[in-house]
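A.B. asks: target-v8.csv (CSV, C-alpha atoms) pasted underneath:
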```csv
chain,number,residue,atom,x,y,z
A,1,MET,CA,0.0,0.0,0.0
A,2,PRO,CA,1.7,3.2,-1.2
A,3,LYS,CA,1.8,6.2,1.2
A,4,LEU,CA,-0.3,9.2,0.4
A,5,ALA,CA,1.7,11.3,-2.0
A,6,PRO,CA,2.9,14.7,-0.7
A,7,TRP,CA,0.7,16.6,-3.3
A,8,ARG,CA,-2.5,14.9,-1.9
A,9,SER,CA,-2.8,17.4,1.0
A,10,ALA,CA,-2.6,20.4,-1.4
A,11,LEU,CA,-5.2,18.9,-3.7
A,12,SER,CA,-7.5,18.0,-0.8
A,13,ARG,CA,-7.2,21.5,0.5
A,14,ALA,CA,-8.1,22.9,-3.0
A,15,LEU,CA,-11.1,20.6,-3.2
A,16,HIS,CA,-12.3,21.6,0.3
A,17,ARG,CA,-11.9,25.4,-0.3
A,18,ASN,CA,-13.7,25.2,-3.6
A,19,ARG,CA,-16.4,22.9,-2.5
A,20,ALA,CA,-19.2,25.5,-3.0
A,21,LEU,CA,-18.5,25.3,-6.7
A,22,VAL,CA,-19.9,22.0,-8.1
A,23,TYR,CA,-17.7,22.4,-11.1
A,24,ALA,CA,-14.5,22.4,-9.0
A,25,ARG,CA,-14.7,18.6,-9.4
A,26,TYR,CA,-14.6,18.9,-13.2
A,27,THR,CA,-11.2,18.7,-14.7
A,28,GLN,CA,-9.8,18.6,-18.3
A,29,LEU,CA,-8.2,15.3,-19.4
A,30,ALA,CA,-5.8,15.3,-22.4
A,31,THR,CA,-4.9,12.2,-24.3
A,32,VAL,CA,-3.2,11.6,-27.7
A,33,GLN,CA,-5.0,10.4,-30.8
A,34,ALA,CA,-3.7,7.8,-33.2
A,35,ASN,CA,-2.9,10.6,-35.6
A,36,HIS,CA,-0.6,12.1,-33.0
A,37,ARG,CA,-2.9,15.1,-32.3
A,38,PRO,CA,-4.0,15.9,-28.8
A,39,ALA,CA,-7.6,15.4,-27.5
A,40,ASN,CA,-9.0,17.2,-24.5
A,41,ARG,CA,-12.3,16.9,-22.7
A,42,THR,CA,-14.0,17.6,-19.3
A,43,VAL,CA,-14.2,14.7,-16.9
A,44,VAL,CA,-15.8,14.5,-13.4
A,45,PHE,CA,-13.5,13.5,-10.5
A,46,ARG,CA,-15.0,10.6,-8.6
A,47,GLY,CA,-12.5,10.4,-5.7
A,48,PHE,CA,-9.5,8.3,-5.1
A,49,LEU,CA,-9.2,4.6,-5.0
A,50,ALA,CA,-8.9,3.5,-1.3
A,51,ASP,CA,-5.3,3.5,0.0
A,52,SER,CA,-3.8,4.8,-3.2
A,53,ASN,CA,-3.0,7.9,-5.1
A,54,THR,CA,-5.1,6.8,-8.1
A,55,LEU,CA,-7.9,9.1,-9.3
A,56,LYS,CA,-11.2,7.7,-10.4
A,57,PHE,CA,-13.4,8.8,-13.3
A,58,VAL,CA,-16.0,7.1,-15.4
A,59,THR,CA,-16.4,6.9,-19.1
A,60,ASP,CA,-18.3,5.2,-21.9
A,61,ARG,CA,-16.7,2.3,-23.7
A,62,ARG,CA,-17.9,3.8,-27.0
A,63,SER,CA,-16.2,7.1,-26.5
A,64,LYS,CA,-13.0,8.0,-28.4
A,65,LYS,CA,-10.9,8.3,-25.3
A,66,VAL,CA,-11.2,4.5,-24.7
A,67,GLU,CA,-9.6,3.8,-28.2
A,68,GLN,CA,-7.0,6.5,-27.6
A,69,ILE,CA,-6.0,5.1,-24.2
A,70,ALA,CA,-5.7,1.6,-25.7
A,71,GLU,CA,-3.0,2.9,-28.1
A,72,ASN,CA,-1.3,5.4,-25.8
A,73,PRO,CA,-2.1,5.2,-22.1
A,74,TRP,CA,-0.6,8.5,-21.1
A,75,GLY,CA,-2.9,11.3,-19.9
A,76,GLU,CA,-2.5,14.8,-18.4
A,77,LEU,CA,-5.2,16.4,-16.3
A,78,CYS,CA,-5.3,20.2,-16.1
A,79,TRP,CA,-7.4,21.1,-13.0
A,80,TYR,CA,-8.1,24.7,-12.3
A,81,PHE,CA,-9.6,25.8,-9.0
A,82,PRO,CA,-11.3,29.2,-9.6
A,83,LYS,CA,-11.9,30.3,-6.0
A,84,THR,CA,-8.3,29.7,-4.8
A,85,ARG,CA,-6.7,30.5,-8.2
A,86,GLU,CA,-4.5,27.4,-8.4
A,87,GLN,CA,-3.8,24.8,-11.0
A,88,PHE,CA,-2.8,21.2,-10.8
A,89,ARG,CA,-1.4,19.4,-13.8
A,90,ILE,CA,-1.4,15.7,-13.1
A,91,SER,CA,0.1,13.3,-15.6
A,92,GLY,CA,0.3,9.5,-15.5
A,93,LYS,CA,-1.0,6.4,-17.0
A,94,LEU,CA,-4.7,5.7,-17.6
A,95,ARG,CA,-6.4,2.4,-17.2
A,96,VAL,CA,-9.9,1.6,-18.5
A,97,VAL,CA,-11.9,-1.0,-16.5
A,98,ALA,CA,-14.6,-2.3,-18.8
A,99,ALA,CA,-17.3,-5.0,-18.5
A,100,THR,CA,-14.8,-7.5,-20.0
A,101,GLU,CA,-12.2,-6.9,-17.3
A,102,GLU,CA,-10.5,-10.1,-16.0
A,103,ASP,CA,-9.2,-8.7,-12.7
A,104,SER,CA,-12.0,-9.4,-10.2
A,105,ASP,CA,-10.9,-6.7,-7.8
A,106,LEU,CA,-11.1,-4.1,-10.6
A,107,LEU,CA,-14.5,-5.5,-11.6
A,108,ARG,CA,-15.7,-4.9,-8.1
A,109,LEU,CA,-14.4,-1.4,-8.2
A,110,ARG,CA,-16.2,-0.8,-11.4
A,111,GLU,CA,-19.5,-2.0,-9.8
A,112,GLY,CA,-18.9,0.3,-6.8
A,113,ALA,CA,-18.3,3.2,-9.2
A,114,TRP,CA,-21.6,2.4,-10.9
A,115,LEU,CA,-23.5,2.3,-7.7
A,116,ALA,CA,-22.1,5.7,-6.6
A,117,LEU,CA,-23.7,7.3,-9.7
A,118,SER,CA,-27.1,9.0,-9.8
A,119,GLU,CA,-29.8,7.4,-11.9
A,120,GLY,CA,-29.5,10.2,-14.4
A,121,ALA,CA,-25.8,9.6,-14.8
A,122,ARG,CA,-26.4,5.8,-15.1
A,123,SER,CA,-29.0,6.2,-17.8
A,124,GLN,CA,-26.6,8.0,-20.1
A,125,PHE,CA,-24.8,4.7,-20.7
A,126,ALA,CA,-28.0,3.5,-22.4
A,127,TRP,CA,-28.0,6.3,-24.8
A,128,SER,CA,-27.1,6.0,-28.5
A,129,PRO,CA,-23.3,5.7,-29.2
A,130,PRO,CA,-21.7,9.1,-28.1
A,131,GLY,CA,-20.1,11.1,-30.9
A,132,HIS,CA,-22.0,9.3,-33.7
A,133,PRO,CA,-24.2,11.3,-36.1
A,134,LYS,CA,-27.6,11.7,-34.5
A,135,ASN,CA,-30.4,9.6,-35.9
A,136,ARG,CA,-33.7,11.2,-35.0
A,137,SER,CA,-35.6,7.9,-35.1
A,138,GLU,CA,-33.4,6.3,-32.4
A,139,VAL,CA,-34.7,5.9,-28.9
A,140,VAL,CA,-32.6,8.1,-26.6
A,141,ALA,CA,-32.9,6.1,-23.4
A,142,GLN,CA,-34.7,2.8,-22.7
A,143,GLU,CA,-37.2,3.5,-20.0
A,144,SER,CA,-37.2,-0.1,-19.0
A,145,THR,CA,-33.4,-0.5,-18.6
A,146,ASP,CA,-32.4,-2.1,-15.4
A,147,LEU,CA,-30.0,0.3,-13.8
A,148,SER,CA,-29.1,-1.7,-10.7
A,149,ILE,CA,-26.2,-3.5,-12.4
A,150,PRO,CA,-23.6,-1.7,-14.6
A,151,LEU,CA,-24.6,-1.3,-18.2
A,152,GLU,CA,-22.2,-2.9,-20.7
A,153,ALA,CA,-20.9,0.5,-22.0
A,154,PHE,CA,-20.0,1.7,-18.5
A,155,CYS,CA,-16.2,1.9,-17.7
A,156,LEU,CA,-14.3,2.9,-14.7
A,157,LEU,CA,-11.3,5.1,-15.7
A,158,LEU,CA,-8.2,5.2,-13.5
A,159,LEU,CA,-5.3,7.7,-13.6
A,160,THR,CA,-2.2,6.8,-11.6
A,161,PRO,CA,-0.1,10.0,-11.4
A,162,GLN,CA,3.7,10.1,-12.0
A,163,ASP,CA,4.1,13.9,-12.2
A,164,VAL,CA,2.2,16.7,-10.5
A,165,ASP,CA,2.8,20.4,-11.1
A,166,HIS,CA,1.0,22.7,-8.7
A,167,LEU,CA,0.8,26.4,-9.5
A,168,GLU,CA,-0.6,29.0,-7.2
A,169,LEU,CA,-1.6,32.4,-8.7
A,170,ARG,CA,-2.9,34.2,-5.6
A,171,GLU,CA,0.3,36.1,-4.9
A,172,GLN,CA,2.9,37.9,-7.0
A,173,PRO,CA,5.2,36.3,-7.8
A,174,HIS,CA,3.3,33.0,-8.2
A,175,HIS,CA,4.3,29.9,-6.4
A,176,ARG,CA,5.0,26.6,-8.3
A,177,CYS,CA,6.0,23.2,-7.0
A,178,ARG,CA,6.6,20.0,-8.9
A,179,TYR,CA,6.3,16.4,-7.5
A,180,THR,CA,7.9,13.5,-9.4
A,181,LEU,CA,7.5,9.9,-8.6
A,182,GLN,CA,10.8,8.2,-8.3
A,183,SER,CA,11.7,4.6,-9.3
A,184,ASP,CA,11.7,3.6,-5.6
A,185,ASP,CA,8.0,4.8,-5.3
A,186,THR,CA,8.9,7.9,-3.3
A,187,TRP,CA,8.0,11.4,-4.4
A,188,GLN,CA,10.6,14.1,-5.1
A,189,GLN,CA,9.4,17.6,-4.5
A,190,GLN,CA,11.0,20.7,-6.1
A,191,THR,CA,10.1,24.4,-6.1
A,192,LEU,CA,10.1,25.8,-9.6
A,193,ASN,CA,10.0,29.3,-11.2
A,194,PRO,CA,6.4,30.1,-11.9
B,1,MET,CA,-11.1,37.3,-45.5
B,2,PRO,CA,-12.8,34.1,-44.2
B,3,LYS,CA,-16.4,34.4,-43.1
B,4,LEU,CA,-17.2,34.0,-39.4
B,5,ALA,CA,-17.5,30.3,-38.7
B,6,PRO,CA,-21.0,29.1,-37.7
B,7,TRP,CA,-19.7,28.1,-34.2
B,8,ARG,CA,-18.6,31.7,-33.5
B,9,SER,CA,-22.1,32.8,-32.5
B,10,ALA,CA,-22.5,29.9,-30.0
B,11,LEU,CA,-19.1,30.7,-28.5
B,12,SER,CA,-19.9,34.5,-28.3
B,13,ARG,CA,-23.1,33.7,-26.6
B,14,ALA,CA,-21.3,31.4,-24.0
B,15,LEU,CA,-18.7,34.2,-23.4
B,16,HIS,CA,-21.5,36.7,-22.9
B,17,ARG,CA,-23.7,34.6,-20.6
B,18,ASN,CA,-20.7,33.7,-18.5
B,19,ARG,CA,-19.1,37.2,-18.4
B,20,ALA,CA,-19.7,37.6,-14.7
B,21,LEU,CA,-17.1,34.8,-14.1
B,22,VAL,CA,-13.6,36.2,-14.9
B,23,TYR,CA,-12.4,32.6,-15.3
B,24,ALA,CA,-14.8,31.9,-18.1
B,25,ARG,CA,-12.1,33.3,-20.3
B,26,TYR,CA,-9.7,30.6,-19.0
B,27,THR,CA,-9.5,27.4,-21.1
B,28,GLN,CA,-7.3,24.3,-21.1
B,29,LEU,CA,-4.9,23.8,-24.0
B,30,ALA,CA,-3.6,20.3,-24.8
B,31,THR,CA,-0.5,19.7,-26.9
B,32,VAL,CA,1.7,16.7,-27.5
B,33,GLN,CA,5.2,16.3,-26.0
B,34,ALA,CA,8.2,15.0,-27.9
B,35,ASN,CA,7.9,11.7,-26.0
B,36,HIS,CA,4.3,11.4,-27.4
B,37,ARG,CA,2.7,12.1,-24.0
B,38,PRO,CA,0.0,14.8,-23.8
B,39,ALA,CA,0.5,18.1,-22.0
B,40,ASN,CA,-2.3,20.3,-20.7
B,41,ARG,CA,-2.4,23.7,-19.1
B,42,THR,CA,-4.7,26.7,-18.5
B,43,VAL,CA,-4.4,29.6,-20.9
B,44,VAL,CA,-6.3,33.0,-21.0
B,45,PHE,CA,-8.4,33.8,-24.1
B,46,ARG,CA,-7.3,37.2,-25.5
B,47,GLY,CA,-10.0,37.5,-28.2
B,48,PHE,CA,-10.0,36.8,-32.0
B,49,LEU,CA,-7.7,38.1,-34.6
B,50,ALA,CA,-9.7,40.7,-36.6
B,51,ASP,CA,-11.7,39.3,-39.5
B,52,SER,CA,-10.8,35.7,-38.8
B,53,ASN,CA,-11.7,32.7,-36.7
B,54,THR,CA,-8.2,32.5,-35.1
B,55,LEU,CA,-8.0,32.7,-31.3
B,56,LYS,CA,-5.3,34.7,-29.5
B,57,PHE,CA,-3.4,33.7,-26.4
B,58,VAL,CA,0.0,34.8,-25.1
B,59,THR,CA,2.9,32.7,-23.9
B,60,ASP,CA,6.5,32.8,-22.7
B,61,ARG,CA,9.1,31.7,-25.3
B,62,ARG,CA,10.8,29.8,-22.5
B,63,SER,CA,7.8,27.7,-21.7
B,64,LYS,CA,7.6,24.0,-22.7
B,65,LYS,CA,4.6,24.5,-24.9
B,66,VAL,CA,6.7,26.6,-27.4
B,67,GLU,CA,9.1,23.7,-27.8
B,68,GLN,CA,6.2,21.2,-28.2
B,69,ILE,CA,4.4,23.3,-30.8
B,70,ALA,CA,7.7,23.6,-32.8
B,71,GLU,CA,7.7,19.8,-33.1
B,72,ASN,CA,3.9,19.2,-33.4
B,73,PRO,CA,1.7,22.2,-34.1
B,74,TRP,CA,-1.6,20.5,-33.2
B,75,GLY,CA,-3.6,21.7,-30.2
B,76,GLU,CA,-7.0,21.1,-28.6
B,77,LEU,CA,-8.7,23.5,-26.3
B,78,CYS,CA,-11.2,22.2,-23.8
B,79,TRP,CA,-13.4,25.2,-22.7
B,80,TYR,CA,-16.0,24.6,-20.1
B,81,PHE,CA,-18.5,27.3,-19.3
B,82,PRO,CA,-19.8,26.7,-15.7
B,83,LYS,CA,-22.8,29.0,-15.7
B,84,THR,CA,-24.4,27.7,-18.9
B,85,ARG,CA,-23.0,24.2,-18.5
B,86,GLU,CA,-21.6,23.8,-22.0
B,87,GLN,CA,-18.2,22.7,-23.4
B,88,PHE,CA,-16.4,23.6,-26.6
B,89,ARG,CA,-13.6,21.4,-27.8
B,90,ILE,CA,-11.6,23.4,-30.4
B,91,SER,CA,-8.8,21.7,-32.3
B,92,GLY,CA,-6.5,23.2,-34.9
B,93,LYS,CA,-3.0,24.3,-35.6
B,94,LEU,CA,-1.0,26.5,-33.3
B,95,ARG,CA,1.4,29.3,-34.4
B,96,VAL,CA,3.9,31.0,-32.0
B,97,VAL,CA,4.7,34.6,-32.9
B,98,ALA,CA,8.1,35.4,-31.2
B,99,ALA,CA,10.4,38.4,-31.2
B,100,THR,CA,12.3,36.8,-34.1
B,101,GLU,CA,9.2,36.6,-36.3
B,102,GLU,CA,9.9,37.6,-39.9
B,103,ASP,CA,6.3,38.4,-40.9
B,104,SER,CA,5.9,42.1,-40.2
B,105,ASP,CA,2.1,41.9,-39.9
B,106,LEU,CA,2.4,39.2,-37.3
B,107,LEU,CA,5.0,41.2,-35.5
B,108,ARG,CA,2.6,44.1,-35.3
B,109,LEU,CA,-0.1,41.8,-33.9
B,110,ARG,CA,2.4,40.6,-31.3
B,111,GLU,CA,3.0,44.3,-30.3
B,112,GLY,CA,-0.7,44.9,-30.1
B,113,ALA,CA,-1.2,41.9,-27.8
B,114,TRP,CA,1.6,43.2,-25.6
B,115,LEU,CA,0.0,46.6,-25.3
B,116,ALA,CA,-3.3,45.0,-24.4
B,117,LEU,CA,-1.8,43.3,-21.3
B,118,SER,CA,-1.8,44.8,-17.8
B,119,GLU,CA,1.5,45.9,-16.3
B,120,GLY,CA,1.4,42.9,-13.9
B,121,ALA,CA,1.0,40.5,-16.8
B,122,ARG,CA,3.8,42.2,-18.8
B,123,SER,CA,6.2,42.0,-15.9
B,124,GLN,CA,5.9,38.2,-15.7
B,125,PHE,CA,7.9,38.0,-18.9
B,126,ALA,CA,10.9,39.5,-17.0
B,127,TRP,CA,10.7,36.7,-14.4
B,128,SER,CA,13.2,33.9,-14.2
B,129,PRO,CA,12.7,31.1,-16.8
B,130,PRO,CA,9.4,29.4,-16.0
B,131,GLY,CA,9.5,25.8,-15.0
B,132,HIS,CA,13.2,25.9,-14.0
B,133,PRO,CA,14.2,25.0,-10.5
B,134,LYS,CA,13.9,28.1,-8.3
B,135,ASN,CA,17.1,29.7,-7.3
B,136,ARG,CA,16.5,31.9,-4.3
B,137,SER,CA,19.3,34.3,-5.1
B,138,GLU,CA,17.7,35.3,-8.4
B,139,VAL,CA,15.9,38.6,-8.8
B,140,VAL,CA,12.3,37.7,-9.6
B,141,ALA,CA,11.4,40.9,-11.6
B,142,GLN,CA,13.6,43.8,-12.7
B,143,GLU,CA,12.0,46.9,-11.2
B,144,SER,CA,13.7,49.0,-13.9
B,145,THR,CA,12.5,47.0,-16.9
B,146,ASP,CA,10.9,49.1,-19.7
B,147,LEU,CA,7.5,47.6,-20.2
B,148,SER,CA,6.4,49.8,-23.1
B,149,ILE,CA,7.8,47.5,-25.7
B,150,PRO,CA,7.4,43.7,-25.8
B,151,LEU,CA,10.0,41.9,-23.7
B,152,GLU,CA,12.0,39.3,-25.7
B,153,ALA,CA,10.3,36.3,-24.0
B,154,PHE,CA,6.9,37.5,-24.9
B,155,CYS,CA,5.0,35.5,-27.6
B,156,LEU,CA,1.6,35.8,-29.2
B,157,LEU,CA,0.1,32.3,-29.6
B,158,LEU,CA,-2.5,31.7,-32.3
B,159,LEU,CA,-4.9,28.8,-32.7
B,160,THR,CA,-6.7,28.4,-36.1
B,161,PRO,CA,-9.5,25.9,-35.6
B,162,GLN,CA,-10.3,23.1,-37.9
B,163,ASP,CA,-12.8,21.2,-35.8
B,164,VAL,CA,-15.2,22.4,-33.0
B,165,ASP,CA,-17.3,20.1,-30.8
B,166,HIS,CA,-20.0,21.9,-28.9
B,167,LEU,CA,-21.7,20.0,-26.0
B,168,GLU,CA,-24.6,21.4,-24.1
B,169,LEU,CA,-25.5,19.8,-20.8
B,170,ARG,CA,-28.4,21.9,-19.5
B,171,GLU,CA,-31.1,19.6,-20.7
B,172,GLN,CA,-31.5,15.8,-20.8
B,173,PRO,CA,-30.7,14.4,-23.3
B,174,HIS,CA,-27.7,16.6,-23.9
B,175,HIS,CA,-27.2,18.4,-27.2
B,176,ARG,CA,-24.0,18.0,-29.2
B,177,CYS,CA,-23.0,19.6,-32.5
B,178,ARG,CA,-19.7,19.3,-34.5
B,179,TYR,CA,-18.3,21.8,-36.9
B,180,THR,CA,-15.6,20.7,-39.4
B,181,LEU,CA,-13.6,22.9,-41.7
B,182,GLN,CA,-13.8,21.6,-45.3
B,183,SER,CA,-11.0,21.9,-47.9
B,184,ASP,CA,-13.0,24.7,-49.6
B,185,ASP,CA,-12.9,26.7,-46.4
B,186,THR,CA,-16.6,26.2,-45.6
B,187,TRP,CA,-17.8,24.6,-42.4
B,188,GLN,CA,-19.8,21.4,-42.2
B,189,GLN,CA,-22.2,21.2,-39.3
B,190,GLN,CA,-23.6,18.0,-37.9
B,191,THR,CA,-25.7,17.0,-34.9
B,192,LEU,CA,-24.1,14.1,-32.9
B,193,ASN,CA,-25.3,11.9,-30.1
B,194,PRO,CA,-24.1,13.4,-26.8
```
Any chance you could put this one into structure tokens?
C.D. replies:
Amino acid sequence: MPKLAPWRSALSRALHRNRALVYARYTQLATVQANHRPANRTVVFRGFLADSNTLKFVTDRRSKKVEQIAENPWGELCWYFPKTREQFRISGKLRVVAATEEDSDLLRLREGAWLALSEGARSQFAWSPPGHPKNRSEVVAQESTDLSIPLEAFCLLLLTPQDVDHLELREQPHHRCRYTLQSDDTWQQQTLNP
Amino acid sequence: MPKLAPWRSALSRALHRNRALVYARYTQLATVQANHRPANRTVVFRGFLADSNTLKFVTDRRSKKVEQIAENPWGELCWYFPKTREQFRISGKLRVVAATEEDSDLLRLREGAWLALSEGARSQFAWSPPGHPKNRSEVVAQESTDLSIPLEAFCLLLLTPQDVDHLELREQPHHRCRYTLQSDDTWQQQTLNP
């Protein structure tokens, strides 16, 4: 069980101080497409895996990011906190946990993430394939869908950070600190020019 | 002179409706690093180039994104508007306009972008190289620096969109529309599944 990384307290503080803003839990996740161009979208932070520094998100198996991650697992989050005027850039490897997952522990975590969603959020996984041209005759959501067990398209998405850059803009000059995971699983911390 | 793209009115409306939030002009820009991993950071929207669909930002020549763009000019903005609950993903080619620029029109635009900055924002370009380890003995900003002409590190950063994905989350089901620039410089517009 890895120790809590030293950047965790700064991130927890930011989440706490910005808790009045529901969108303080929204962050932008960049990945790389097969054509070597970047992709970038908003994702909702769903907390940390217990006893780890791994961040949880959810996604749809039919979304483009799942393909992108299969080819190139690297991601970078850019997370801006408006109230406290600070930014975390968190980079690391992404892991998609789909219905076909073979690791039973991860499958249980996927089920837990499903149960933690609202009914509205769950029903989105019954919608027509995201990003496809809209066909007006399609049914948007199946009223009769059983939402008590994870729908096939539902995936848990995990990001295990290797590098964290924390920038604070409240004061002049700004304050910037970088945390880097070492090969012995400890974190090196360094103050940088902003 | 290209016509205003059809997504411009939706973006203008979002900027207007979110104008009470200063950070509605902040957006996250993803690029690709030389090691094929994504990078992602917050940038401040500085308006459009006159009579074009090109977005303006500013950056420091010493920042990593300038190196990244020299190797791979593709970028994707992820722009979330909290008040109206909508997201624009804007991808296209980036162009850095540095002090060494040879195009005199672009150099004039760089000077204009400098003059539009506050004194505080200008003085940041006299700070020590961003992202380098902090050396406590270094002077952070030269009090005597002349800020009336652009400092050498100051760059204008231009993004010319080729693809725009607009997602509106206010209603269930969500609404999503994609705009793609065609080879004849017209925009194709398509409604997608959210």
A.B. asks: Counting all atoms listed in the file, I want the residues whose atoms come within 12 Å of (-8.0, 5.4, -11.5) in the file frame, returned as a PDB file with C-alpha atoms, in the frame of the given file.
C.D. replies:
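Output contents, as saved in selection.pdb:
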```
ATOM      1  CA  PHE A  45     -13.500  13.500 -10.500  1.00  0.00           C
ATOM      2  CA  ARG A  46     -15.000  10.600  -8.600  1.00  0.00           C
ATOM      3  CA  GLY A  47     -12.500  10.400  -5.700  1.00  0.00           C
ATOM      4  CA  PHE A  48      -9.500   8.300  -5.100  1.00  0.00           C
ATOM      5  CA  LEU A  49      -9.200   4.600  -5.000  1.00  0.00           C
ATOM      6  CA  ALA A  50      -8.900   3.500  -1.300  1.00  0.00           C
ATOM      7  CA  ASP A  51      -5.300   3.500   0.000  1.00  0.00           C
ATOM      8  CA  SER A  52      -3.800   4.800  -3.200  1.00  0.00           C
ATOM      9  CA  ASN A  53      -3.000   7.900  -5.100  1.00  0.00           C
ATOM     10  CA  THR A  54      -5.100   6.800  -8.100  1.00  0.00           C
ATOM     11  CA  LEU A  55      -7.900   9.100  -9.300  1.00  0.00           C
ATOM     12  CA  LYS A  56     -11.200   7.700 -10.400  1.00  0.00           C
ATOM     13  CA  PHE A  57     -13.400   8.800 -13.300  1.00  0.00           C
ATOM     14  CA  VAL A  58     -16.000   7.100 -15.400  1.00  0.00           C
ATOM     15  CA  THR A  59     -16.400   6.900 -19.100  1.00  0.00           C
ATOM     16  CA  GLY A  75      -2.900  11.300 -19.900  1.00  0.00           C
ATOM     17  CA  GLY A  92       0.300   9.500 -15.500  1.00  0.00           C
ATOM     18  CA  LYS A  93      -1.000   6.400 -17.000  1.00  0.00           C
ATOM     19  CA  LEU A  94      -4.700   5.700 -17.600  1.00  0.00           C
ATOM     20  CA  ARG A  95      -6.400   2.400 -17.200  1.00  0.00           C
ATOM     21  CA  VAL A  96      -9.900   1.600 -18.500  1.00  0.00           C
ATOM     22  CA  VAL A  97     -11.900  -1.000 -16.500  1.00  0.00           C
ATOM     23  CA  LEU A 106     -11.100  -4.100 -10.600  1.00  0.00           C
ATOM     24  CA  LEU A 109     -14.400  -1.400  -8.200  1.00  0.00           C
ATOM     25  CA  ARG A 110     -16.200  -0.800 -11.400  1.00  0.00           C
ATOM     26  CA  ALA A 113     -18.300   3.200  -9.200  1.00  0.00           C
ATOM     27  CA  CYS A 155     -16.200   1.900 -17.700  1.00  0.00           C
ATOM     28  CA  LEU A 156     -14.300   2.900 -14.700  1.00  0.00           C
ATOM     29  CA  LEU A 157     -11.300   5.100 -15.700  1.00  0.00           C
ATOM     30  CA  LEU A 158      -8.200   5.200 -13.500  1.00  0.00           C
ATOM     31  CA  LEU A 159      -5.300   7.700 -13.600  1.00  0.00           C
ATOM     32  CA  THR A 160      -2.200   6.800 -11.600  1.00  0.00           C
ATOM     33  CA  PRO A 161      -0.100  10.000 -11.400  1.00  0.00           C
TER      34      PRO A 161
END
```
A.B. asks: With only C-alpha atoms as the basis for distance, which of B:Ala153, B:Ala98, B:Cys177, B:Leu147 is at the shortest distance from chain A?
C.D. replies: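 Of all the options, B:Cys177 lies closest to chain A.
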A.B. asks: For chain A, which residues have at least one atom within 9 Å of chain B, if we go by only C-alpha atoms? Write them as a ChimeraX atom specification, please.
C.D. replies: /A:22-23,28-32,36-42,72-80,82,87-91,120,124,127-135,140-141,172-173,176,178,190-194
A.B. asks: Taking only C-alpha atoms into account, which of A:Asp184, A:Glu168, A:Glu71, A:Asp60 comes nearest Ala121 of chain A?
C.D. replies: A:Asp60
A.B. asks: When you draw a straight line from atom CA of Glu152 of chain A to atom CA of Ala126 of chain A, how long is it in Å?
C.D. replies: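 If I compute the distance from atom CA of Glu152 of chain A to atom CA of Ala126 of chain A, I get 8.8 Å.
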